[in-house]
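With compact mmCIF, C-alpha atoms inside, this is model_31.txt:
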```
# COMPACT_ATOMS: atom_id res chain seq x y z
CA MET A 1 -75.23 -30.72 -28.75
CA LYS A 2 -73.35 -31.09 -25.45
CA SER A 3 -72.61 -28.64 -22.65
CA VAL A 4 -69.93 -28.44 -19.99
CA LEU A 5 -70.03 -26.33 -16.83
CA VAL A 6 -66.56 -25.41 -15.55
CA ALA A 7 -67.05 -25.11 -11.78
CA SER A 8 -65.04 -24.85 -8.57
CA THR A 9 -65.41 -24.94 -4.80
CA GLU A 10 -63.37 -21.77 -4.22
CA ILE A 11 -62.49 -18.49 -5.90
CA TYR A 12 -59.52 -17.84 -8.18
CA THR A 13 -58.99 -21.39 -9.38
CA GLY A 14 -58.48 -20.53 -13.06
CA LYS A 15 -62.01 -21.20 -14.35
CA THR A 16 -61.95 -18.30 -16.81
CA GLY A 17 -58.65 -19.31 -18.40
CA ILE A 18 -59.60 -22.98 -18.61
CA SER A 19 -63.07 -22.19 -20.03
CA LEU A 20 -61.55 -20.00 -22.72
CA THR A 21 -58.86 -22.58 -23.47
CA LEU A 22 -61.49 -25.32 -23.88
CA ALA A 23 -63.56 -23.13 -26.19
CA LEU A 24 -60.55 -22.34 -28.39
CA ALA A 25 -59.43 -25.99 -28.37
CA GLY A 26 -62.90 -26.99 -29.52
CA ARG A 27 -62.74 -24.53 -32.38
CA ARG A 28 -59.38 -25.91 -33.46
CA ARG A 29 -61.03 -29.33 -33.59
CA GLY A 30 -63.62 -28.01 -36.01
CA LEU A 31 -66.45 -27.60 -33.51
CA LYS A 32 -68.91 -24.72 -33.36
CA VAL A 33 -68.46 -23.59 -29.77
CA GLY A 34 -70.60 -21.21 -27.73
CA TYR A 35 -69.89 -19.69 -24.32
CA MET A 36 -71.79 -18.22 -21.41
CA LYS A 37 -71.42 -17.57 -17.68
CA PRO A 38 -74.94 -18.26 -16.38
CA VAL A 39 -74.33 -16.75 -12.95
CA GLY A 40 -71.85 -13.90 -12.66
CA ASN A 41 -70.32 -12.50 -9.50
CA LEU A 42 -68.09 -9.69 -10.85
CA PRO A 43 -70.56 -7.01 -11.99
CA VAL A 44 -69.59 -4.19 -14.33
CA ARG A 45 -71.95 -1.75 -16.02
CA LEU A 46 -72.21 -1.79 -19.80
CA ASP A 47 -74.86 0.15 -21.69
CA GLY A 48 -77.02 0.33 -18.57
CA ALA A 49 -76.87 -3.41 -17.83
CA ASP A 50 -74.94 -5.45 -15.26
CA ILE A 51 -72.46 -7.79 -16.97
CA ASP A 52 -69.96 -10.17 -15.40
CA LYS A 53 -66.40 -8.93 -15.94
CA ASP A 54 -64.93 -12.36 -16.74
CA ALA A 55 -67.77 -13.22 -19.10
CA LEU A 56 -67.27 -9.98 -20.99
CA PHE A 57 -63.54 -10.70 -21.31
CA VAL A 58 -64.09 -14.21 -22.69
CA ALA A 59 -66.82 -13.05 -25.08
CA LYS A 60 -64.46 -10.47 -26.55
CA LYS A 61 -61.62 -12.98 -26.89
CA LEU A 62 -63.93 -15.42 -28.67
CA ASP A 63 -65.43 -12.63 -30.79
CA LEU A 64 -68.91 -14.06 -30.24
CA GLY A 65 -70.78 -11.04 -31.54
CA VAL A 66 -73.81 -11.53 -29.29
CA ALA A 67 -75.54 -9.29 -26.76
CA PRO A 68 -73.51 -9.18 -23.49
CA GLU A 69 -76.63 -9.67 -21.39
CA LEU A 70 -77.06 -13.11 -22.98
CA ILE A 71 -73.50 -14.08 -22.08
CA SER A 72 -74.14 -13.41 -18.38
CA PRO A 73 -77.92 -13.41 -17.87
CA VAL A 74 -77.77 -13.43 -14.04
CA VAL A 75 -75.32 -11.24 -12.12
CA LEU A 76 -75.35 -11.50 -8.35
CA LYS A 77 -75.43 -8.18 -6.47
CA SER A 78 -76.19 -7.45 -2.84
CA ARG A 79 -79.09 -5.14 -3.75
CA ARG A 80 -80.70 -7.88 -5.82
CA THR A 81 -80.27 -10.40 -3.03
CA LYS A 82 -81.82 -8.02 -0.48
CA SER A 83 -84.84 -7.54 -2.75
CA PHE A 84 -85.25 -11.30 -3.02
CA LEU A 85 -85.02 -11.75 0.75
CA LYS A 86 -87.72 -9.12 1.21
CA GLY A 87 -90.09 -11.18 -0.89
CA ARG A 88 -89.61 -9.93 -4.43
CA GLU A 89 -89.89 -12.69 -7.02
CA PHE A 90 -87.24 -13.30 -9.65
CA ASP A 91 -87.19 -15.57 -12.69
CA GLU A 92 -83.46 -16.34 -12.80
CA PRO A 93 -83.77 -19.96 -14.04
CA ASP A 94 -85.99 -18.80 -16.92
CA LYS A 95 -83.47 -16.09 -17.82
CA ILE A 96 -80.67 -18.61 -17.99
CA VAL A 97 -82.65 -21.12 -20.05
CA SER A 98 -83.76 -18.42 -22.49
CA ALA A 99 -80.21 -17.12 -22.95
CA TYR A 100 -78.85 -20.65 -23.30
CA LYS A 101 -81.32 -21.53 -26.07
CA LYS A 102 -80.28 -18.48 -28.08
CA LEU A 103 -76.55 -18.94 -27.55
CA SER A 104 -76.53 -22.70 -28.21
CA LYS A 105 -78.42 -22.53 -31.49
CA ASP A 106 -76.43 -24.31 -34.24
CA LYS A 107 -73.58 -25.05 -31.79
CA ASP A 108 -71.81 -28.37 -31.29
CA LEU A 109 -70.63 -27.51 -27.77
CA MET A 110 -71.48 -24.95 -25.10
CA VAL A 111 -68.74 -24.07 -22.62
CA MET A 112 -70.23 -22.53 -19.49
CA GLU A 113 -68.15 -20.90 -16.79
CA GLY A 114 -69.34 -21.31 -13.23
CA SER A 115 -69.54 -18.56 -10.64
CA ALA A 116 -66.94 -18.17 -7.89
CA HIS A 117 -68.33 -21.08 -5.85
CA ILE A 118 -70.64 -23.95 -6.72
CA ASN A 119 -73.16 -22.69 -4.14
CA ASP A 120 -73.47 -19.20 -5.66
CA GLY A 121 -77.02 -18.46 -6.78
CA ARG A 122 -78.71 -21.10 -4.58
CA LEU A 123 -81.15 -18.48 -3.25
CA PHE A 124 -82.37 -17.96 -6.81
CA ASN A 125 -82.36 -21.70 -7.65
CA VAL A 126 -79.38 -21.30 -9.97
CA SER A 127 -76.50 -22.95 -8.05
CA ALA A 128 -74.03 -24.96 -10.12
CA ARG A 129 -75.91 -28.20 -9.43
CA GLN A 130 -79.22 -26.64 -10.40
CA ILE A 131 -77.79 -25.18 -13.61
CA ALA A 132 -76.25 -28.53 -14.55
CA GLU A 133 -79.62 -30.22 -14.11
CA LEU A 134 -81.52 -27.40 -15.79
CA LEU A 135 -79.34 -27.44 -18.91
CA ASP A 136 -78.29 -31.11 -18.82
CA ALA A 137 -74.63 -30.09 -18.62
CA LYS A 138 -71.60 -32.10 -17.63
CA VAL A 139 -69.60 -30.59 -14.75
CA LEU A 140 -65.82 -30.23 -14.93
CA LEU A 141 -64.43 -29.35 -11.51
CA ILE A 142 -61.35 -27.12 -11.26
CA MET A 143 -59.44 -27.64 -8.03
CA LYS A 144 -56.77 -25.23 -6.81
CA LEU A 145 -54.58 -27.82 -5.19
CA ASP A 146 -52.54 -26.86 -2.14
CA ASN A 147 -53.08 -30.11 -0.23
CA PRO A 148 -53.90 -33.20 -2.34
CA TYR A 149 -55.62 -35.00 0.53
CA GLU A 150 -57.99 -32.11 1.24
CA ALA A 151 -58.62 -31.83 -2.51
CA ALA A 152 -59.68 -35.48 -2.61
CA ASP A 153 -62.45 -34.69 -0.14
CA ASP A 154 -63.68 -31.81 -2.29
CA ILE A 155 -63.63 -33.89 -5.46
CA LEU A 156 -65.58 -36.70 -3.80
CA MET A 157 -68.06 -34.18 -2.43
CA ALA A 158 -68.51 -32.68 -5.90
CA ARG A 159 -69.15 -36.14 -7.37
CA ASP A 160 -71.77 -36.77 -4.69
CA ARG A 161 -73.40 -33.39 -5.29
CA PHE A 162 -73.53 -33.46 -9.09
CA GLY A 163 -74.20 -37.17 -9.54
CA ASP A 164 -74.45 -38.30 -13.14
CA ASN A 165 -73.66 -34.77 -14.36
CA PHE A 166 -70.16 -34.95 -12.86
CA MET A 167 -67.53 -35.76 -15.51
CA GLY A 168 -64.28 -35.30 -13.57
CA ALA A 169 -61.72 -32.76 -12.44
CA ILE A 170 -58.59 -30.82 -13.30
CA CYS A 171 -56.16 -29.96 -10.50
CA ASN A 172 -54.69 -26.48 -10.87
CA TRP A 173 -51.85 -24.64 -9.16
CA VAL A 174 -50.13 -27.88 -8.08
CA PRO A 175 -46.86 -27.31 -6.13
CA ARG A 176 -43.89 -29.36 -7.28
CA SER A 177 -43.59 -30.87 -3.79
CA ARG A 178 -47.14 -32.27 -4.02
CA ARG A 179 -47.03 -33.87 -7.45
CA ARG A 180 -45.88 -37.31 -6.28
CA ASP A 181 -48.64 -37.47 -3.67
CA LEU A 182 -51.16 -36.55 -6.34
CA ILE A 183 -49.92 -39.11 -8.87
CA ASP A 184 -49.06 -41.97 -6.49
CA TYR A 185 -51.99 -41.80 -4.06
CA ILE A 186 -54.84 -39.48 -5.11
CA TYR A 187 -55.09 -40.44 -8.80
CA PRO A 188 -55.28 -44.22 -8.17
CA TYR A 189 -57.79 -43.85 -5.35
CA LEU A 190 -60.11 -41.59 -7.31
CA LYS A 191 -59.83 -43.88 -10.33
CA GLU A 192 -61.08 -46.74 -8.17
CA GLU A 193 -63.96 -44.47 -7.17
CA GLY A 194 -64.82 -44.03 -10.84
CA ILE A 195 -63.66 -40.39 -10.91
CA LYS A 196 -61.59 -39.11 -13.82
CA ILE A 197 -58.76 -36.63 -13.28
CA PHE A 198 -57.98 -35.15 -16.68
CA GLY A 199 -54.63 -33.74 -15.59
CA PHE A 200 -52.96 -31.18 -13.41
CA ILE A 201 -51.54 -27.73 -14.08
CA PRO A 202 -48.31 -26.98 -12.21
CA ARG A 203 -47.92 -23.96 -9.96
CA GLU A 204 -46.73 -21.05 -12.09
CA SER A 205 -46.06 -17.76 -10.33
CA SER A 206 -46.57 -15.78 -13.54
CA LEU A 207 -50.25 -16.71 -13.49
CA MET A 208 -50.58 -14.97 -10.12
CA SER A 209 -49.12 -11.75 -11.52
CA VAL A 210 -50.79 -8.56 -12.71
CA SER A 211 -49.61 -6.11 -15.32
CA VAL A 212 -48.30 -2.71 -14.24
CA GLY A 213 -51.09 -1.10 -16.24
CA GLU A 214 -53.81 -3.14 -14.50
CA LEU A 215 -52.24 -2.36 -11.13
CA ALA A 216 -52.21 1.36 -11.89
CA LYS A 217 -55.84 1.18 -13.00
CA ALA A 218 -56.90 -0.66 -9.85
CA LEU A 219 -55.21 1.99 -7.71
CA ASN A 220 -56.64 4.83 -9.80
CA GLY A 221 -53.04 5.98 -10.14
CA ASN A 222 -51.43 8.68 -12.23
CA ILE A 223 -48.58 7.26 -14.34
CA LEU A 224 -45.71 9.76 -14.26
CA CYS A 225 -43.27 7.87 -16.49
CA GLY A 226 -42.56 4.46 -17.98
CA GLU A 227 -45.77 4.15 -20.02
CA GLU A 228 -44.00 1.81 -22.44
CA GLN A 229 -43.55 -0.71 -19.60
CA LEU A 230 -47.21 -0.99 -18.56
CA GLY A 231 -47.42 -4.50 -19.99
CA GLU A 232 -44.73 -5.79 -17.62
CA MET A 233 -45.99 -8.31 -15.08
CA VAL A 234 -45.77 -7.83 -11.30
CA GLU A 235 -45.62 -11.02 -9.24
CA SER A 236 -45.23 -9.52 -5.75
CA PHE A 237 -45.02 -6.25 -3.87
CA MET A 238 -42.87 -4.88 -1.08
CA VAL A 239 -43.44 -1.96 1.27
CA GLY A 240 -40.66 0.54 1.85
CA ALA A 241 -40.82 2.13 5.29
CA MET A 242 -37.23 1.94 6.49
CA GLY A 243 -33.90 3.68 5.98
CA GLN A 244 -32.15 3.67 2.61
CA GLU A 245 -29.44 1.16 3.53
CA GLN A 246 -31.94 -1.27 5.03
CA ALA A 247 -34.28 -0.73 2.09
CA LEU A 248 -31.57 -1.62 -0.41
CA ARG A 249 -30.87 -4.98 1.26
CA PHE A 250 -34.60 -5.61 1.63
CA PHE A 251 -35.49 -4.86 -2.00
CA GLN A 252 -32.70 -7.09 -3.32
CA GLN A 253 -34.60 -10.13 -2.03
CA GLN A 254 -37.23 -10.06 -4.78
CA SER A 255 -37.48 -9.31 -8.48
CA LYS A 256 -40.59 -8.75 -10.64
CA LYS A 257 -41.98 -6.67 -7.78
CA ALA A 258 -43.76 -3.40 -7.22
CA VAL A 259 -42.57 -1.22 -4.35
CA ILE A 260 -45.08 0.79 -2.34
CA THR A 261 -43.71 3.73 -0.38
CA GLY A 262 -44.51 7.28 0.62
CA GLY A 263 -44.21 9.79 -2.17
CA ASP A 264 -41.93 11.91 0.06
CA ARG A 265 -39.44 9.07 0.69
CA ALA A 266 -36.89 9.79 -2.03
CA ASP A 267 -34.26 7.70 -0.21
CA VAL A 268 -36.43 4.56 -0.29
CA GLN A 269 -37.48 5.23 -3.88
CA LEU A 270 -33.86 5.47 -5.04
CA ALA A 271 -33.00 2.27 -3.17
CA ALA A 272 -35.85 0.44 -4.93
CA LEU A 273 -34.66 1.73 -8.30
CA GLU A 274 -31.23 0.16 -7.67
CA THR A 275 -32.85 -3.30 -7.57
CA PRO A 276 -35.02 -5.21 -10.11
CA THR A 277 -38.34 -3.36 -9.75
CA LYS A 278 -41.29 -3.37 -12.16
CA ALA A 279 -43.05 -0.30 -10.72
CA LEU A 280 -42.89 2.24 -7.91
CA ILE A 281 -46.19 3.13 -6.24
CA LEU A 282 -45.90 6.50 -4.53
CA THR A 283 -48.55 7.17 -1.89
CA GLY A 284 -49.91 10.36 -0.37
CA ASN A 285 -50.14 12.08 -3.78
CA TYR A 286 -46.65 13.53 -3.27
CA THR A 287 -44.87 14.38 -6.52
CA PRO A 288 -41.45 12.69 -6.55
CA SER A 289 -38.21 14.65 -6.72
CA VAL A 290 -36.58 15.49 -10.03
CA THR A 291 -33.76 13.08 -9.16
CA VAL A 292 -36.12 10.14 -8.58
CA LEU A 293 -38.07 10.93 -11.75
CA GLY A 294 -34.87 11.10 -13.77
CA VAL A 295 -33.56 7.76 -12.47
CA ALA A 296 -36.92 6.08 -13.06
CA GLU A 297 -37.05 7.39 -16.63
CA SER A 298 -33.52 6.22 -17.35
CA LYS A 299 -34.26 2.74 -15.96
CA LYS A 300 -37.70 2.65 -17.62
CA VAL A 301 -39.49 1.96 -14.33
CA PRO A 302 -43.07 3.30 -14.16
CA LEU A 303 -43.83 5.68 -11.31
CA ILE A 304 -47.47 5.48 -10.20
CA LEU A 305 -48.73 8.35 -8.07
CA VAL A 306 -51.76 7.46 -5.92
CA ASP A 307 -54.02 9.62 -3.77
CA MET A 308 -54.17 7.31 -0.76
CA ASP A 309 -52.03 6.39 2.20
CA THR A 310 -49.58 3.49 2.17
CA MET A 311 -51.80 1.05 4.06
CA ALA A 312 -54.74 1.66 1.73
CA ALA A 313 -52.47 1.09 -1.27
CA VAL A 314 -51.17 -2.12 0.32
CA ASP A 315 -54.71 -3.41 0.87
CA LYS A 316 -55.75 -2.73 -2.72
CA THR A 317 -52.57 -4.19 -4.17
CA GLU A 318 -52.87 -7.30 -2.02
CA ALA A 319 -56.41 -7.79 -3.30
CA ILE A 320 -55.30 -8.23 -6.91
CA ILE A 321 -51.77 -9.69 -6.82
CA GLY A 322 -51.70 -13.42 -6.18
CA LYS A 323 -55.04 -14.21 -7.83
CA VAL A 324 -55.28 -16.56 -10.83
CA ARG A 325 -56.81 -14.20 -13.37
CA VAL A 326 -56.05 -14.20 -17.08
CA HIS A 327 -57.16 -10.78 -18.25
CA GLU A 328 -53.70 -10.08 -19.69
CA ASP A 329 -52.60 -11.65 -22.96
CA LYS A 330 -49.31 -12.95 -21.53
CA LYS A 331 -51.12 -14.84 -18.78
CA LEU A 332 -53.73 -16.17 -21.17
CA GLU A 333 -51.08 -17.51 -23.54
CA LEU A 334 -49.27 -19.17 -20.63
CA MET A 335 -52.47 -20.75 -19.31
CA GLN A 336 -53.31 -22.13 -22.74
CA SER A 337 -49.87 -23.65 -23.17
CA LEU A 338 -50.00 -25.25 -19.70
CA VAL A 339 -53.45 -26.74 -20.31
CA GLU A 340 -52.40 -28.12 -23.68
CA GLU A 341 -49.26 -29.66 -22.14
CA TYR A 342 -50.57 -31.09 -18.87
CA VAL A 343 -54.29 -31.74 -19.42
CA ASP A 344 -55.73 -34.55 -21.55
CA ILE A 345 -58.01 -32.31 -23.59
CA ASP A 346 -58.78 -35.08 -26.08
CA SER A 347 -60.28 -37.17 -23.26
CA ILE A 348 -62.42 -34.21 -22.20
CA PHE A 349 -63.78 -33.81 -25.72
CA ARG A 350 -64.46 -37.53 -26.00
CA GLU A 351 -66.70 -37.12 -22.97
CA LEU A 352 -68.49 -34.14 -24.50
CA VAL A 353 -68.82 -34.71 -28.23
```

Spit out the file's structure as structure tokens when you get a sec.
Amino acid sequence: MKSVLVASTEIYTGKTGISLTLALAGRRRGLKVGYMKPVGNLPVRLDGADIDKDALFVAKKLDLGVAPELISPVVLKSRRTKSFLKGREFDEPDKIVSAYKKLSKDKDLMVMEGSAHINDGRLFNVSARQIAELLDAKVLLIMKLDNPYEAADDILMARDRFGDNFMGAICNWVPRSRRRDLIDYIYPYLKEEGIKIFGFIPRESSLMSVSVGELAKALNGNILCGEEQLGEMVESFMVGAMGQEQALRFFQQQSKKAVITGGDRADVQLAALETPTKALILTGNYTPSVTVLGVAESKKVPLILVDMDTMAAVDKTEAIIGKVRVHEDKKLELMQSLVEEYVDIDSIFRELV
């Protein structure tokens, strides 16, 4: 039985989507595949226990039917870290080994998703390198590639850090303008260094989007209309704080957007509704006018009423739009198709099985 740890040197690189895609690809190849996220960094409460949000999502998609606390046996929280620093002893490596033994029983392959960064958990002796050694796992590095030459440094560093456990890398979020540099210079150099690059995934703005429903949930918003459009994907947002004529020209610059504006700014709201807009976020908890509500209903644009000021809404929206997360089915399907098209999955499985 083999194991692979899908790791990265920065957050939001697509680890969750790639881990799930590998697990499903393994199943299609007739393998019995297990999954876990040994060290979680996105805690949610479930039945009185802390569970990693991404791990819970993948477990449900794979229909594993096992206890959630086994899927993510260690979840990093500031309170736990403070207790450790004060001298309290923890047995995090033992927890991970125990969970791994139960989850890997009768499996051909274990896909393990790394935490946000390969250093996470070092205080508790469960960094990515330590987990790879502890569980004798191969490490597949996922690089979010903005600059190929900087990425080469990170890939070399990862090879040095993981040693014999390092199996290679996948470059994600590759801009079209950087592909030639990657193929003509970085690939050949790394090949000479004995490092395998299993493929690259091109930059796809849809993967950085969030559904209207998820956005409303994150803002704790009240959906006034357009419930049937909550599955629509938002790729960007714009702030309306100008006159109606200026707003109209401004909003025409982008589609697939959410517009954030004061709930009392009917002029800006109507201007946004005249352009391609996926959702209107109305701040200050002001109920919109009957006219605005009627236009939004006719155009099937959700109105989301939030009890916060515009700047607070902007901060929260900015925190979730533009991150590679695949908790919506549309994004997951797109990620799977991109991995199947651009990544040499067969070579990855030859390394693992």

Name the closest residue to Asp264 in chain A among the candidates A:Pro288, A:Pro202, A:Gly243, A:Gly221; distances are taken between atoms, counting all atoms listed in the file.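 Smallest distance to Asp264 in chain A is found for A:Pro288.
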
Rank nothing, just name the residue among A:Gln244, A:Thr9, A:Asn172, A:Asn222 nearest to Leu156 in chain A, using all atoms listed in the file.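 Smallest separation from Leu156 in chain A among the options: A:Thr9.
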
Kindly list the centre and edge lengths in Å, rounded to one decimal, for the axis-aligned box that covers all listed atoms of range 208-216 of chain A plus 3 Å on each of its six sides, as JSON.
```
{"center_x": -51.1, "center_y": -6.8, "center_z": -13.2, "size_x": 11.5, "size_y": 22.3, "size_z": 12.1}
```

Expected residue set, 12 Å radius at (-69.7, -36.5, -7.6), only C-alpha atoms, as a list in words: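 Applying the cut-off with only C-alpha atoms, one gets Arg129, Lys138, Val139, Leu140, Leu141, Ala152, Asp153, Asp154, Ile155, Leu156, Met157, Ala158, Arg159, Asp160, Arg161, Phe162, Gly163, Asp164, Asn165, Phe166, Met167, Gly168, Ala169, Leu190, Glu193, Gly194, Ile195 and Lys196 of chain A.
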
Excluding Lys101 in chain A and its own-chain neighbours fewer than 2 positions away, which residues fall within 12 Å of it when counting only C-alpha atoms? Please give them as an NGL selection string. :A and (1 or 3 or 34-36 or 70-71 or 94-99 or 103-107 or 110 or 134-135)

From the options A:Gly17, A:Ile304, A:Lys217, A:Pro38, which residue's atoms come nearest to Phe57 in chain A, counting all atoms listed in the file?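 Ranking A:Gly17, A:Ile304, A:Lys217, A:Pro38 by distance to Phe57 in chain A, first place goes to A:Gly17.
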
Counting all atoms listed in the file, which residues of range 115-230 of chain A fall within 12 Å of range 80-83 of chain A, and what is the closest atom pair for each with its distance in Å at one decimal, ordered by chain and rising number, as CSV?
```
residue,atom,partner,partner_atom,distance
A:Asp120,CA,A:Thr81,CA,11.4
A:Gly121,CA,A:Thr81,CA,9.5
A:Arg122,CA,A:Thr81,CA,10.9
A:Leu123,CA,A:Thr81,CA,8.1
A:Phe124,CA,A:Thr81,CA,8.7
```

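Residues in contact with Glu274 in chain A at 12 Å, where all atoms listed in the file are counted and same-chain residues fewer than 6 positions away are skipped, are listed as Gln244, Glu245, Ala247, Leu248, Arg249, Phe250, Phe251, Gln252, Ser255, Val259, Asp267, Val268, Leu280, Val292, Val295, Ala296, Ser298, Lys299 and Val301 of chain A.
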
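CA of Ile170 in chain A to CA of Ile131 in chain A spans 20.0 Å [interatomic distance, one decimal].
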
A:Lys2, A:Lys256, A:Ile197, A:Ser127: which is nearest Leu182 in chain A, counting only C-alpha atoms?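 Of the candidates, the smallest distance to Leu182 in chain A is held by A:Ile197.
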
Between CA of Asn41 in chain A and CA of Asp63 in chain A, distance in Å (one decimal):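 That distance, rounded to one decimal, is 21.8 Å.
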
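Separating CA of Gly48 in chain A from CA of Ser72 in chain A is a distance of 14.0 Å.
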
Restrict the output to range 131-192 of chain A and C-alpha atoms, then write it as a short mmCIF file (atom, residue, chain, number, x, y, z; two decimals), in the first residue's frame.
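After the write, selection07.cif holds the following:
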```cif
data_model
loop_
_atom_site.label_atom_id
_atom_site.label_comp_id
_atom_site.auth_asym_id
_atom_site.auth_seq_id
_atom_site.Cartn_x
_atom_site.Cartn_y
_atom_site.Cartn_z
CA ILE A 131 4.37 13.35 8.31
CA ALA A 132 5.98 12.06 5.11
CA GLU A 133 8.69 10.35 7.14
CA LEU A 134 6.27 9.12 9.79
CA LEU A 135 3.93 7.49 7.27
CA ASP A 136 6.50 6.72 4.54
CA ALA A 137 4.55 8.86 2.07
CA LYS A 138 5.59 10.29 -1.26
CA VAL A 139 5.21 14.08 -1.51
CA LEU A 140 3.54 15.71 -4.50
CA LEU A 141 4.14 19.46 -4.45
CA ILE A 142 1.47 21.80 -5.82
CA MET A 143 2.89 25.13 -6.96
CA LYS A 144 0.72 28.15 -7.67
CA LEU A 145 2.83 29.54 -10.45
CA ASP A 146 2.96 33.28 -10.99
CA ASN A 147 6.68 33.48 -11.77
CA PRO A 148 8.29 30.28 -13.13
CA TYR A 149 11.78 31.26 -11.99
CA GLU A 150 10.69 31.83 -8.39
CA ALA A 151 8.75 28.56 -8.55
CA ALA A 152 11.92 26.72 -9.56
CA ASP A 153 13.53 27.83 -6.30
CA ASP A 154 10.58 26.53 -4.29
CA ILE A 155 10.56 23.20 -6.10
CA LEU A 156 14.29 22.73 -5.54
CA MET A 157 13.87 23.67 -1.89
CA ALA A 158 11.06 21.12 -1.52
CA ARG A 159 13.23 18.41 -3.08
CA ASP A 160 16.01 19.25 -0.63
CA ARG A 161 13.61 19.23 2.31
CA PHE A 162 11.74 16.02 1.55
CA GLY A 163 14.65 14.04 0.11
CA ASP A 164 13.75 10.55 -1.05
CA ASN A 165 10.09 11.14 -0.18
CA PHE A 166 9.80 13.85 -2.85
CA MET A 167 8.16 12.52 -6.04
CA GLY A 168 7.69 15.71 -8.08
CA ALA A 169 5.41 18.67 -8.65
CA ILE A 170 2.36 20.01 -10.45
CA CYS A 171 2.31 23.69 -11.41
CA ASN A 172 -1.11 25.27 -10.94
CA TRP A 173 -2.65 28.57 -11.98
CA VAL A 174 -0.15 29.07 -14.83
CA PRO A 175 -0.70 32.31 -16.82
CA ARG A 176 -0.71 31.95 -20.59
CA SER A 177 2.18 34.42 -20.83
CA ARG A 178 4.38 32.18 -18.65
CA ARG A 179 3.81 28.83 -20.32
CA ARG A 180 6.72 29.08 -22.78
CA ASP A 181 9.14 29.98 -19.98
CA LEU A 182 7.91 26.99 -18.01
CA ILE A 183 8.18 24.54 -20.91
CA ASP A 184 11.36 25.86 -22.55
CA TYR A 185 13.48 26.65 -19.49
CA ILE A 186 12.10 25.36 -16.18
CA TYR A 187 11.04 21.86 -17.27
CA PRO A 188 14.39 20.96 -18.91
CA TYR A 189 16.42 22.32 -16.01
CA LEU A 190 14.42 20.49 -13.36
CA LYS A 191 14.56 17.30 -15.43
CA GLU A 192 18.35 17.52 -15.37
#
```
